[in-house]
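Engineer: This is final01.txt (compact mmCIF, C-alpha atoms and all ligand atoms).
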```txt
# COMPACT_ATOMS: atom_id res chain seq x y z
CA MET A 1 53.44 115.09 -31.40
CA LEU A 2 52.92 115.99 -27.75
CA ALA A 3 49.62 114.17 -27.76
CA LEU A 4 51.33 111.05 -29.11
CA LEU A 5 53.96 111.17 -26.38
CA MET A 6 51.28 111.53 -23.72
CA LEU A 7 49.39 108.61 -25.15
CA ALA A 8 52.53 106.47 -25.09
CA ALA A 9 53.17 107.43 -21.46
CA LEU A 10 49.60 106.55 -20.54
CA LEU A 11 49.80 103.18 -22.25
CA SER A 12 53.10 102.30 -20.61
CA CYS A 13 51.55 102.94 -17.19
CA ASN A 14 48.81 100.53 -17.97
CA GLN A 15 50.89 97.37 -17.27
CA PRO A 16 49.08 94.24 -16.17
CA GLY A 17 49.24 94.04 -12.40
CA LYS A 18 49.61 91.12 -10.00
CA LYS A 19 45.94 90.21 -10.31
CA GLU A 20 46.57 88.79 -13.77
CA HIS A 21 48.92 86.10 -12.40
CA GLU A 22 46.38 85.03 -9.87
CA GLN A 23 43.84 84.09 -12.50
CA ASN A 24 45.40 80.65 -13.14
CA ALA A 25 45.58 79.87 -9.47
CA ALA A 26 43.53 77.02 -7.98
CA VAL A 27 43.00 78.97 -4.77
CA PRO A 28 43.44 82.75 -4.72
CA VAL A 29 46.47 83.86 -2.70
CA GLU A 30 47.12 87.11 -0.93
CA ALA A 31 49.19 89.52 -2.95
CA GLU A 32 52.02 89.48 -0.39
CA ASP A 33 52.82 85.79 -0.93
CA SER A 34 55.02 86.58 -3.88
CA THR A 35 56.91 83.26 -3.63
CA LEU A 36 53.77 81.24 -4.31
CA ILE A 37 52.74 83.59 -7.12
CA THR A 38 56.17 83.17 -8.71
CA ALA A 39 56.03 79.38 -8.28
CA ARG A 40 52.61 79.25 -9.95
CA ASN A 41 53.99 81.12 -12.94
CA ILE A 42 56.77 78.57 -13.43
CA PHE A 43 55.43 75.20 -12.25
CA LYS A 44 52.04 73.53 -12.28
CA SER A 45 50.37 71.17 -9.84
CA LEU A 46 49.34 67.69 -10.99
CA PRO A 47 45.97 66.99 -12.62
CA ALA A 48 43.96 63.97 -11.37
CA VAL A 49 44.84 61.95 -14.48
CA ALA A 50 46.87 62.68 -17.62
CA GLU A 51 44.19 62.79 -20.31
CA ASN A 52 44.58 61.83 -23.97
CA LYS A 53 41.66 62.76 -26.24
CA GLU A 54 42.45 59.80 -28.52
CA ASN A 55 42.58 57.26 -25.69
CA ALA A 56 39.83 57.73 -23.12
CA ILE A 57 40.79 56.39 -19.70
CA THR A 58 38.19 53.79 -18.74
CA GLU A 59 38.28 51.37 -15.81
CA PRO A 60 38.40 48.17 -17.91
CA LYS A 61 41.21 49.63 -20.03
CA VAL A 62 43.26 50.60 -16.99
CA LYS A 63 42.74 47.14 -15.44
CA LEU A 64 43.87 45.46 -18.65
CA GLY A 65 46.81 47.85 -18.96
CA LYS A 66 47.92 47.03 -15.44
CA LEU A 67 47.80 43.28 -16.15
CA LEU A 68 49.87 43.71 -19.31
CA TYR A 69 52.32 45.95 -17.46
CA TYR A 70 53.10 43.17 -14.96
CA ASP A 71 52.92 40.21 -17.39
CA THR A 72 56.24 38.55 -18.32
CA ARG A 73 54.49 36.98 -21.34
CA LEU A 74 55.19 40.33 -23.02
CA SER A 75 58.84 39.21 -23.27
CA LYS A 76 59.97 36.41 -25.58
CA ALA A 77 61.48 34.04 -23.01
CA GLY A 78 59.09 35.24 -20.31
CA ASN A 79 61.78 36.60 -18.01
CA ILE A 80 60.78 40.26 -17.74
CA SER A 81 57.80 42.63 -17.73
CA CYS A 82 57.56 46.42 -17.89
CA ASN A 83 57.66 46.32 -14.09
CA SER A 84 61.11 44.66 -14.08
CA CYS A 85 62.73 47.88 -15.30
CA HIS A 86 60.06 50.32 -14.09
CA ASN A 87 59.18 48.88 -10.68
CA LEU A 88 56.12 50.65 -9.30
CA ASN A 89 57.27 49.91 -5.74
CA THR A 90 60.57 51.74 -6.23
CA ALA A 91 59.65 55.11 -7.77
CA GLY A 92 58.94 53.54 -11.18
CA VAL A 93 62.58 52.56 -11.79
CA ASP A 94 64.95 49.63 -11.07
CA ASN A 95 67.71 51.79 -9.52
CA LYS A 96 70.28 50.23 -11.86
CA ALA A 97 72.56 52.27 -14.12
CA VAL A 98 71.31 50.23 -17.10
CA SER A 99 68.80 47.37 -17.13
CA PRO A 100 69.18 43.73 -18.18
CA GLY A 101 66.78 42.62 -20.94
CA ASP A 102 64.91 39.33 -21.49
CA ALA A 103 68.16 37.50 -22.31
CA GLY A 104 70.10 39.12 -19.46
CA LYS A 105 72.07 41.42 -21.74
CA PRO A 106 72.32 45.02 -20.45
CA GLY A 107 70.90 47.98 -22.41
CA THR A 108 72.76 51.26 -22.92
CA ARG A 109 70.51 53.79 -21.22
CA ASN A 110 69.12 54.32 -17.72
CA SER A 111 65.45 53.39 -17.22
CA PRO A 112 63.54 56.62 -16.53
CA THR A 113 60.57 56.55 -14.19
CA VAL A 114 57.09 55.86 -15.58
CA PHE A 115 55.62 58.01 -12.78
CA ASN A 116 54.11 61.16 -14.34
CA ALA A 117 55.80 60.34 -17.68
CA ALA A 118 52.40 60.62 -19.40
CA LEU A 119 52.50 64.36 -18.69
CA HIS A 120 55.75 64.89 -20.60
CA ASN A 121 55.69 66.38 -24.09
CA MET A 122 57.69 63.43 -25.45
CA GLN A 123 59.02 60.03 -24.38
CA PHE A 124 62.55 58.54 -24.14
CA TRP A 125 65.82 60.35 -23.41
CA ASP A 126 65.90 61.51 -27.04
CA GLY A 127 62.15 62.19 -27.31
CA ARG A 128 61.67 59.71 -30.18
CA ALA A 129 58.14 58.66 -29.13
CA LYS A 130 55.36 61.22 -28.88
CA ASP A 131 53.32 59.77 -26.01
CA VAL A 132 53.03 56.81 -23.65
CA GLU A 133 50.78 54.94 -26.08
CA GLU A 134 53.35 55.06 -28.89
CA GLN A 135 56.16 54.36 -26.43
CA ALA A 136 54.50 51.24 -24.95
CA GLY A 137 54.77 49.38 -28.26
CA MET A 138 58.52 49.84 -28.54
CA PRO A 139 60.32 47.98 -25.67
CA ILE A 140 58.30 44.83 -26.49
CA LEU A 141 59.86 44.63 -29.96
CA ASN A 142 63.33 45.86 -28.89
CA PRO A 143 65.71 42.86 -29.30
CA VAL A 144 67.76 43.82 -26.20
CA GLU A 145 64.69 44.48 -24.05
CA MET A 146 61.59 42.24 -24.35
CA ALA A 147 62.67 40.70 -27.68
CA ILE A 148 59.24 39.76 -29.09
CA PRO A 149 60.05 39.02 -32.78
CA HIS A 150 57.03 40.84 -34.30
CA LYS A 151 53.61 42.25 -33.39
CA GLY A 152 51.67 39.21 -34.67
CA PHE A 153 53.72 36.92 -32.42
CA LEU A 154 52.45 38.68 -29.28
CA VAL A 155 48.88 39.05 -30.56
CA ASP A 156 48.79 35.28 -31.19
CA ARG A 157 50.25 34.54 -27.77
CA LEU A 158 47.70 36.72 -25.93
CA SER A 159 44.79 35.50 -28.10
CA GLY A 160 45.34 32.04 -26.64
CA VAL A 161 44.75 33.27 -23.09
CA LYS A 162 41.12 33.22 -21.90
CA LEU A 163 41.67 36.04 -19.40
CA TYR A 164 42.92 38.33 -22.17
CA GLN A 165 40.07 37.34 -24.52
CA ASP A 166 37.63 38.57 -21.86
CA MET A 167 39.53 41.64 -20.74
CA PHE A 168 40.26 43.01 -24.24
CA LYS A 169 36.59 42.52 -25.12
CA GLU A 170 35.52 44.48 -22.06
CA ALA A 171 38.10 47.23 -22.57
CA PHE A 172 37.32 47.69 -26.29
CA PRO A 173 33.58 47.00 -26.53
CA GLY A 174 32.00 46.54 -29.93
CA GLU A 175 35.25 45.64 -31.67
CA ASP A 176 35.26 42.51 -33.79
CA LYS A 177 38.80 41.47 -32.90
CA PRO A 178 39.73 43.46 -29.81
CA ILE A 179 43.11 41.78 -29.26
CA THR A 180 45.34 43.93 -31.46
CA TYR A 181 48.80 45.37 -30.92
CA GLY A 182 47.33 48.91 -31.11
CA ASN A 183 44.78 48.14 -28.40
CA LEU A 184 47.52 46.70 -26.21
CA GLN A 185 49.40 50.01 -26.55
CA LYS A 186 46.24 51.94 -25.67
CA ALA A 187 45.56 49.82 -22.57
CA ILE A 188 49.11 50.13 -21.23
CA GLY A 189 49.02 53.85 -22.04
CA ALA A 190 45.73 54.31 -20.17
CA PHE A 191 47.24 52.57 -17.13
CA GLU A 192 50.33 54.78 -17.27
CA ARG A 193 48.10 57.85 -17.43
CA THR A 194 46.94 57.01 -13.89
CA LEU A 195 50.50 56.79 -12.52
CA LEU A 196 50.61 60.30 -11.09
CA THR A 197 52.20 61.13 -7.74
CA PRO A 198 50.71 64.08 -5.82
CA SER A 199 53.38 65.52 -3.50
CA ARG A 200 53.70 68.05 -0.72
CA PHE A 201 54.82 70.48 -3.41
CA ASP A 202 51.41 70.10 -5.11
CA LYS A 203 49.69 70.86 -1.79
CA TYR A 204 51.80 74.00 -1.58
CA MET A 205 50.95 74.96 -5.16
CA ASN A 206 47.27 74.45 -4.36
CA GLY A 207 47.46 76.99 -1.55
CA ASP A 208 48.63 75.12 1.59
CA LYS A 209 51.54 77.40 2.44
CA ASN A 210 52.80 75.16 5.24
CA ALA A 211 52.96 72.00 3.12
CA ILE A 212 56.66 72.57 2.46
CA THR A 213 59.32 73.54 5.01
CA ALA A 214 61.28 76.81 5.11
CA GLU A 215 64.40 74.90 3.95
CA GLU A 216 62.49 73.44 0.97
CA LYS A 217 61.11 76.86 0.10
CA ALA A 218 64.63 78.32 0.28
CA GLY A 219 65.72 75.52 -2.06
CA MET A 220 62.93 76.37 -4.47
CA ASN A 221 64.11 79.97 -4.49
CA VAL A 222 67.71 78.91 -5.25
CA PHE A 223 66.39 76.57 -7.96
CA ILE A 224 64.52 79.52 -9.49
CA SER A 225 67.22 82.20 -9.09
CA SER A 226 70.06 79.93 -10.32
CA GLY A 227 68.27 79.40 -13.62
CA CYS A 228 67.39 75.68 -13.32
CA ILE A 229 63.85 76.68 -14.32
CA ALA A 230 64.99 77.65 -17.82
CA CYS A 231 64.67 73.91 -18.53
CA HIS A 232 63.01 72.32 -15.49
CA ASN A 233 59.55 73.92 -15.39
CA GLY A 234 55.88 73.14 -15.93
CA VAL A 235 53.90 70.26 -14.47
CA GLY A 236 56.77 67.73 -14.71
CA ILE A 237 59.48 70.14 -13.48
CA GLY A 238 61.03 69.08 -16.79
CA GLY A 239 59.91 66.72 -19.54
CA GLY A 240 58.93 69.61 -21.78
CA SER A 241 61.84 69.96 -24.19
CA LEU A 242 65.11 68.57 -25.53
CA GLN A 243 68.21 70.52 -24.46
CA ARG A 244 71.95 70.10 -24.72
CA PHE A 245 73.47 68.25 -21.77
CA GLY A 246 76.67 70.26 -21.46
CA VAL A 247 75.73 73.82 -22.47
CA VAL A 248 79.01 75.06 -20.93
CA THR A 249 81.17 71.92 -20.58
CA ASP A 250 81.07 68.58 -22.39
CA TYR A 251 79.04 66.40 -20.01
CA ARG A 252 81.52 63.51 -20.35
CA THR A 253 84.24 65.39 -18.50
CA LEU A 254 81.88 65.76 -15.52
CA THR A 255 80.07 62.40 -15.55
CA ARG A 256 83.01 60.27 -16.74
CA SER A 257 80.43 58.45 -18.87
CA LYS A 258 81.65 55.17 -20.26
CA THR A 259 79.13 54.88 -23.09
CA GLU A 260 79.23 57.24 -26.06
CA ASP A 261 75.73 58.72 -26.42
CA GLU A 262 74.95 61.79 -28.53
CA GLY A 263 71.21 61.78 -27.76
CA LEU A 264 68.95 63.42 -30.34
CA LYS A 265 71.72 63.47 -32.99
CA LYS A 266 71.43 59.71 -33.38
CA VAL A 267 67.76 60.13 -34.29
CA SER A 268 67.92 63.31 -36.40
CA SER A 269 71.47 62.98 -37.85
CA LYS A 270 71.84 66.76 -37.39
CA LYS A 271 75.13 68.10 -36.09
CA GLU A 272 73.42 70.72 -33.95
CA ASP A 273 71.52 68.00 -32.08
CA LYS A 274 74.67 66.48 -30.57
CA ASP A 275 74.20 65.74 -26.87
CA LYS A 276 70.60 66.96 -26.79
CA PHE A 277 68.51 64.95 -24.35
CA LYS A 278 65.06 65.28 -22.89
CA VAL A 279 65.11 67.53 -19.84
CA ALA A 280 64.56 65.03 -17.04
CA GLY A 281 61.31 65.50 -15.12
CA LEU A 282 62.35 66.01 -11.50
CA ARG A 283 59.27 64.67 -9.71
CA ASN A 284 60.37 61.75 -7.44
CA VAL A 285 64.01 62.35 -8.39
CA ALA A 286 65.08 61.54 -4.81
CA GLY A 287 64.11 57.91 -5.50
CA THR A 288 65.14 57.51 -9.14
CA TYR A 289 68.91 57.16 -8.68
CA PRO A 290 71.33 56.62 -10.38
CA TYR A 291 71.11 59.76 -12.52
CA PHE A 292 71.37 60.94 -16.11
CA HIS A 293 70.68 59.08 -19.37
CA ASP A 294 73.43 56.56 -18.65
CA GLY A 295 73.01 56.26 -14.88
CA SER A 296 76.58 57.50 -14.49
CA ILE A 297 76.03 59.47 -11.28
CA ALA A 298 74.93 57.80 -8.04
CA SER A 299 74.05 60.70 -5.75
CA LEU A 300 71.54 63.50 -6.16
CA ASP A 301 73.98 66.01 -4.64
CA SER A 302 76.51 65.22 -7.37
CA ALA A 303 73.86 65.40 -10.10
CA VAL A 304 72.84 68.88 -8.88
CA ILE A 305 76.48 70.08 -8.74
CA ILE A 306 77.07 68.77 -12.29
CA MET A 307 73.92 70.49 -13.58
CA GLY A 308 75.11 73.81 -12.10
CA LYS A 309 78.47 73.48 -13.84
CA ALA A 310 77.42 71.90 -17.13
CA GLN A 311 74.26 73.92 -17.80
CA LEU A 312 74.74 77.23 -15.99
CA ASN A 313 78.50 77.68 -15.49
CA LYS A 314 77.83 77.96 -11.73
CA ASN A 315 79.67 76.46 -8.81
CA LEU A 316 76.80 75.99 -6.39
CA SER A 317 77.84 76.29 -2.73
CA THR A 318 77.42 73.34 -0.34
CA GLU A 319 74.53 75.23 1.30
CA GLU A 320 72.81 75.87 -2.06
CA VAL A 321 73.13 72.22 -3.07
CA LYS A 322 71.66 71.14 0.26
CA GLN A 323 68.73 73.50 -0.17
CA ILE A 324 68.04 72.47 -3.77
CA VAL A 325 68.12 68.80 -2.79
CA SER A 326 65.64 69.43 0.01
CA PHE A 327 63.34 71.20 -2.46
CA LEU A 328 63.62 68.18 -4.79
CA ASP A 329 62.65 65.92 -1.86
CA ALA A 330 59.36 67.82 -1.59
CA LEU A 331 58.56 66.70 -5.17
CA SER A 332 58.24 63.03 -4.12
CA GLY A 333 54.86 61.37 -3.99
CA ASP A 334 53.40 57.95 -4.71
CA VAL A 335 51.01 56.30 -7.15
CA ASN A 336 47.72 54.79 -5.95
CA ALA A 337 48.08 51.60 -3.89
CA ASP A 338 46.16 49.48 -6.40
CA ALA A 339 48.67 50.18 -9.18
CA LYS A 340 51.47 48.88 -6.95
CA THR A 341 49.72 45.61 -6.06
CA PHE A 342 50.83 42.65 -8.17
CA PRO A 343 47.78 41.39 -10.11
CA PRO A 344 46.54 38.16 -8.43
CA GLN A 345 45.57 36.76 -11.87
CA LEU A 346 49.26 36.52 -12.70
CA GLU A 347 50.29 34.64 -9.60
CA LYS A 348 51.95 31.32 -10.41
CA LYS A 349 49.86 28.42 -9.17
C1 LIG B 401 64.78 45.96 -20.05
C2 LIG B 401 64.28 47.11 -19.33
C3 LIG B 401 63.01 47.75 -19.81
C4 LIG B 401 61.78 47.16 -20.04
C5 LIG B 401 61.42 45.70 -19.94
C6 LIG B 401 60.87 48.23 -20.36
N1 LIG B 401 61.52 49.43 -20.33
FE1 LIG B 401 60.71 51.26 -20.52
N2 LIG B 401 62.52 52.08 -20.66
C7 LIG B 401 63.71 51.42 -20.45
C8 LIG B 401 64.81 52.28 -20.84
C9 LIG B 401 66.30 51.93 -20.77
C10 LIG B 401 64.24 53.48 -21.31
C11 LIG B 401 64.97 54.69 -21.88
C12 LIG B 401 65.39 54.32 -23.30
C13 LIG B 401 65.76 55.49 -24.17
O1 LIG B 401 65.53 56.62 -23.79
O2 LIG B 401 66.28 55.26 -25.26
C14 LIG B 401 62.78 53.32 -21.14
C15 LIG B 401 61.85 54.34 -21.40
C16 LIG B 401 60.50 54.22 -21.05
C17 LIG B 401 59.56 55.31 -21.01
C18 LIG B 401 59.87 56.78 -21.28
C19 LIG B 401 59.88 57.59 -20.03
C20 LIG B 401 60.42 58.96 -20.23
O3 LIG B 401 60.41 59.75 -19.28
O4 LIG B 401 60.87 59.31 -21.32
C21 LIG B 401 58.34 54.78 -20.66
C22 LIG B 401 57.04 55.53 -20.48
C23 LIG B 401 58.53 53.36 -20.52
N3 LIG B 401 59.85 53.06 -20.74
C24 LIG B 401 57.52 52.45 -20.28
C25 LIG B 401 57.68 51.07 -20.45
C26 LIG B 401 56.59 50.12 -20.60
C27 LIG B 401 55.12 50.46 -20.60
C28 LIG B 401 57.16 48.87 -20.75
C29 LIG B 401 56.48 47.56 -21.01
C30 LIG B 401 55.73 47.45 -22.24
C31 LIG B 401 58.61 49.07 -20.65
N4 LIG B 401 58.87 50.41 -20.50
C32 LIG B 401 59.53 48.06 -20.66
C33 LIG B 401 63.83 50.14 -19.96
C34 LIG B 401 62.83 49.17 -20.03
C1 LIG B 402 69.80 74.15 -20.25
C2 LIG B 402 68.82 73.22 -19.66
C3 LIG B 402 69.01 72.78 -18.23
C4 LIG B 402 69.26 73.54 -17.12
C5 LIG B 402 69.45 75.05 -17.04
C6 LIG B 402 69.28 72.62 -15.99
N1 LIG B 402 69.04 71.35 -16.41
FE1 LIG B 402 68.93 69.71 -15.23
N2 LIG B 402 68.75 68.54 -16.88
C7 LIG B 402 68.73 68.99 -18.19
C8 LIG B 402 68.82 67.87 -19.10
C9 LIG B 402 68.81 67.93 -20.61
C10 LIG B 402 68.90 66.71 -18.29
C11 LIG B 402 69.08 65.27 -18.77
C12 LIG B 402 70.58 65.04 -18.97
C13 LIG B 402 70.92 63.62 -19.37
O1 LIG B 402 70.84 62.73 -18.56
O2 LIG B 402 71.27 63.40 -20.54
C14 LIG B 402 68.87 67.17 -16.90
C15 LIG B 402 68.95 66.33 -15.80
C16 LIG B 402 68.91 66.75 -14.47
C17 LIG B 402 68.95 65.89 -13.32
C18 LIG B 402 69.04 64.37 -13.36
C19 LIG B 402 67.67 63.74 -13.33
C20 LIG B 402 67.64 62.27 -13.62
O3 LIG B 402 66.58 61.68 -13.39
O4 LIG B 402 68.61 61.68 -14.08
C21 LIG B 402 68.86 66.68 -12.20
C22 LIG B 402 68.84 66.22 -10.76
C23 LIG B 402 68.80 68.05 -12.66
N3 LIG B 402 68.81 68.06 -14.04
C24 LIG B 402 68.74 69.15 -11.83
C25 LIG B 402 68.99 70.45 -12.28
C26 LIG B 402 69.26 71.57 -11.39
C27 LIG B 402 69.23 71.51 -9.88
C28 LIG B 402 69.51 72.64 -12.19
C29 LIG B 402 69.94 74.03 -11.76
C30 LIG B 402 71.16 74.08 -10.95
C31 LIG B 402 69.38 72.20 -13.57
N4 LIG B 402 69.07 70.86 -13.58
C32 LIG B 402 69.54 73.02 -14.67
C33 LIG B 402 68.62 70.30 -18.59
C34 LIG B 402 68.87 71.39 -17.77
```
As structure tokens, please, write out the structure in this file.
Structural biologist:
Amino acid sequence: MLALLMLAALLSCNQPGKKEHEQNAAVPVEAEDSTLITARNIFKSLPAVAENKENAITEPKVKLGKLLYYDTRLSKAGNISCNSCHNLNTAGVDNKAVSPGDAGKPGTRNSPTVFNAALHNMQFWDGRAKDVEEQAGMPILNPVEMAIPHKGFLVDRLSGVKLYQDMFKEAFPGEDKPITYGNLQKAIGAFERTLLTPSRFDKYMNGDKNAITAEEKAGMNVFISSGCIACHNGVGIGGGSLQRFGVVTDYRTLTRSKTEDEGLKKVSSKKEDKDKFKVAGLRNVAGTYPYFHDGSIASLDSAVIIMGKAQLNKNLSTEEVKQIVSFLDALSGDVNADAKTFPPQLEKK
């Protein structure tokens, strides 16, 4: 009996130490920088590209994907492209509460940013698409968005364009009929997988301790200690799961939302999924206003205050809000310059 007790005591002393945490780190950090060690356990810095084993990222595919992304021929009347609602020059969004479609009629949800979206575990506010490849096929056929009547309609339209005949062939070598709807999804997906935005926060995570200011670091600590990280964590600082918006209070009383949106429940028809939405990824959030799934809130300060109340039953102080917002500012970065340049092949002559 005594021997057993001694063994238990011995085992309990043998806890994994700090060294263990450091193993994931890109650059080893001194043990005393506990803030960085903590941050590395919660968040992750960006990879160079967001890989997909089933859709290798090749240069011809990315080039084709970029062309398709900017081409208004992907909408029925030719009025809009992906870039109309997800403008790569304005943080991957259109900064409107909801976006007008091909026929000018507004949709019901806010356009989320395409920046870093490929790193999320799911796509859309209700997570109904699994990845950017699956997602890319959906707005084209959505009657309120790009309004293409059916897949064959678009395949026929693109097959009549010499530029696309050549580019699909190059992007999908060896295929008999490379212009397919599935290949279009793959090409746009491959392009989106390059839309990552390294920020000062990533520099910090990679070991440059002075890449973020003392105020931003204080904000990160408030973000961690308040409990925001229960949902906003990982490489996207969100984007990993579906959670109730309004854990404590019905979100509508705080956002004064005009549209009735129950999120995941509409997809799953399960009562317990009412008001579950994808946890927003917070990279570039300073530029992706207005906020929430319906664009109901204009300022980031207000969005942070609402999150404190609705999710954590906390009234954040003015100082805490200021600090959190400055931390969120450090999460802003930009995509590569080439992605943002309008393709010359599409210029109207
Ligand atoms: C008319 C505006 C509009 C157009 C055009 C449009 N989108 Fe979107 N996009 C939206 C809206 C609104 C949502 C959110 C809808 C929802 O969650 O139900 C969305 C969601 C997305 C998402 C999910 C992001 C996330 O974080 O969940 C991606 C990726 C995306 N769109 C890419 C594209 C691509 C690629 C195209 C072109 C093929 C495109 N969009 C065309 C408005 C648009
Ligand atoms: C229980 C999970 C949870 C917690 C905790 C949480 N959030 Fe959120 N957050 C969400 C969800 C879900 C959304 C998307 C809500 C919607 O629009 O439907 C969101 C959205 C946001 C947005 C809006 C982003 C956008 O692009 O519209 C911000 C900003 C934000 N959260 C910041 C915070 C901060 C700061 C904290 C801590 C004070 C926090 N969140 C705590 C789940 C959470």
Engineer: Show me the residues around (40.7, 38.0, -20.7) - criterion: an atom at most 12 Å away, all atoms listed in the file counted - as an MDAnalysis selection string.
Structural biologist: chainID A and resid 60:61 63:65 67:68 158:172 178:179 345:346
Engineer: For the atom pair atom CA of A:Asn41 and atom C23 of ligand LIG 402 (chain B), what is the interatomic distance in Å to one decimal place?
Structural biologist: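 Going from atom CA of A:Asn41 over to atom C23 of ligand LIG 402 (chain B), I get 19.8 Å.
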Engineer: With 10 Å as the cut-off and only C-alpha atoms counted, what is the closest atom pair between each nearby residue of stretch 123-206 of chain A and stretch 215-239 of chain A? Distances in Å to one decimal, ordered by chain and number, as JSON lines.
Structural biologist:
```
{"residue": "A:Gln123", "atom": "CA", "partner": "A:Gly239", "partner_atom": "CA", "distance": 8.3}
{"residue": "A:Phe124", "atom": "CA", "partner": "A:Gly239", "partner_atom": "CA", "distance": 9.7}
{"residue": "A:Trp125", "atom": "CA", "partner": "A:Gly239", "partner_atom": "CA", "distance": 9.5}
{"residue": "A:Gly127", "atom": "CA", "partner": "A:Gly239", "partner_atom": "CA", "distance": 9.3}
{"residue": "A:Phe201", "atom": "CA", "partner": "A:Glu216", "partner_atom": "CA", "distance": 9.3}
{"residue": "A:Asp202", "atom": "CA", "partner": "A:Val235", "partner_atom": "CA", "distance": 9.7}
{"residue": "A:Tyr204", "atom": "CA", "partner": "A:Lys217", "partner_atom": "CA", "distance": 9.9}
```
Engineer: Closest to ligand LIG 402 (chain B) among A:Val114, A:Leu88, A:Met146, A:Ala187, using all atoms listed in the file?
Structural biologist: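 Answer, going by the shortest atom-to-atom distance: A:Val114.
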Engineer: How many Å separate atom CA of A:Ala286 from atom CA of A:Ser299?
Structural biologist: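 Spanning atom CA of A:Ala286 to atom CA of A:Ser299 is a straight-line distance of 9.1 Å.
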Engineer: Calculate, to one decimal in Å, the centre and edge lengths of the box along x, y and z of the file that holds all listed atoms of stretch 172-182 of chain A with 4 Å of margin on each side, and present them as AutoDock Vina command-line options.
Structural biologist:
```
--center_x 40.4 --center_y 45.2 --center_z -30.0 --size_x 24.8 --size_y 15.4 --size_z 15.5
```
Engineer: Around ligand LIG 401 (chain B), out to 8 Å and counting only C-alpha atoms and all ligand atoms, which residues are there? I want them as an NGL selection string.
Structural biologist: :A and (68-69 or 74-75 or 80-86 or 98-102 or 106-114 or 117-118 or 120 or 122-127 or 131-132 or 135-140 or 144-146 or 188-189 or 192 or 239 or 278 or 280-281 or 293)
Engineer: Counting all atoms listed in the file, which of A:Gln185, A:Gln311, A:Thr341, A:Ser45 gets nearest to ligand LIG 402 (chain B)?
Structural biologist: A:Gln311
Engineer: With all atoms listed in the file as the basis for distance, which of A:Arg283, A:Lys270, A:Arg157, A:Lys309 is at the shortest distance from A:Asp250?
Structural biologist: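 Residue with the minimum atom-to-atom distance to A:Asp250: A:Lys309.
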Engineer: Provide the atom CA of A:Lys209 to atom CA of A:Thr35 distance in Å, to one decimal place.
Structural biologist: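 Straight-line distance from atom CA of A:Lys209 to atom CA of A:Thr35 works out to 10.0 Å.
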Engineer: Using all atoms listed in the file, pick whichever of A:Asn315, A:Asn116, A:Ser332, A:Thr90 has the shortest atom-to-atom distance to ligand LIG 402 (chain B).
Structural biologist: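 Closest residue, counting all atoms listed in the file: A:Asn315.
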Engineer: Counting all atoms listed in the file, which of A:Ala310, A:Ala190, A:Ala97, A:Ile212 gets nearest to A:Ser296?
Structural biologist: A:Ala97
Engineer: Up to 9 Å from (66.5, 60.3, -4.2) in the file's coordinates: name the residues, counting all atoms listed in the file, as a PyMOL selection string.
Structural biologist: chain A and resi 284-290+299-300+325+328-329+332
Engineer: Rank A:Thr194, A:Asn79, A:Asn142, A:Thr72 by their smallest atom-to-atom distance to A:Thr58, using only C-alpha atoms, and report the top residue only.
Structural biologist: A:Thr194
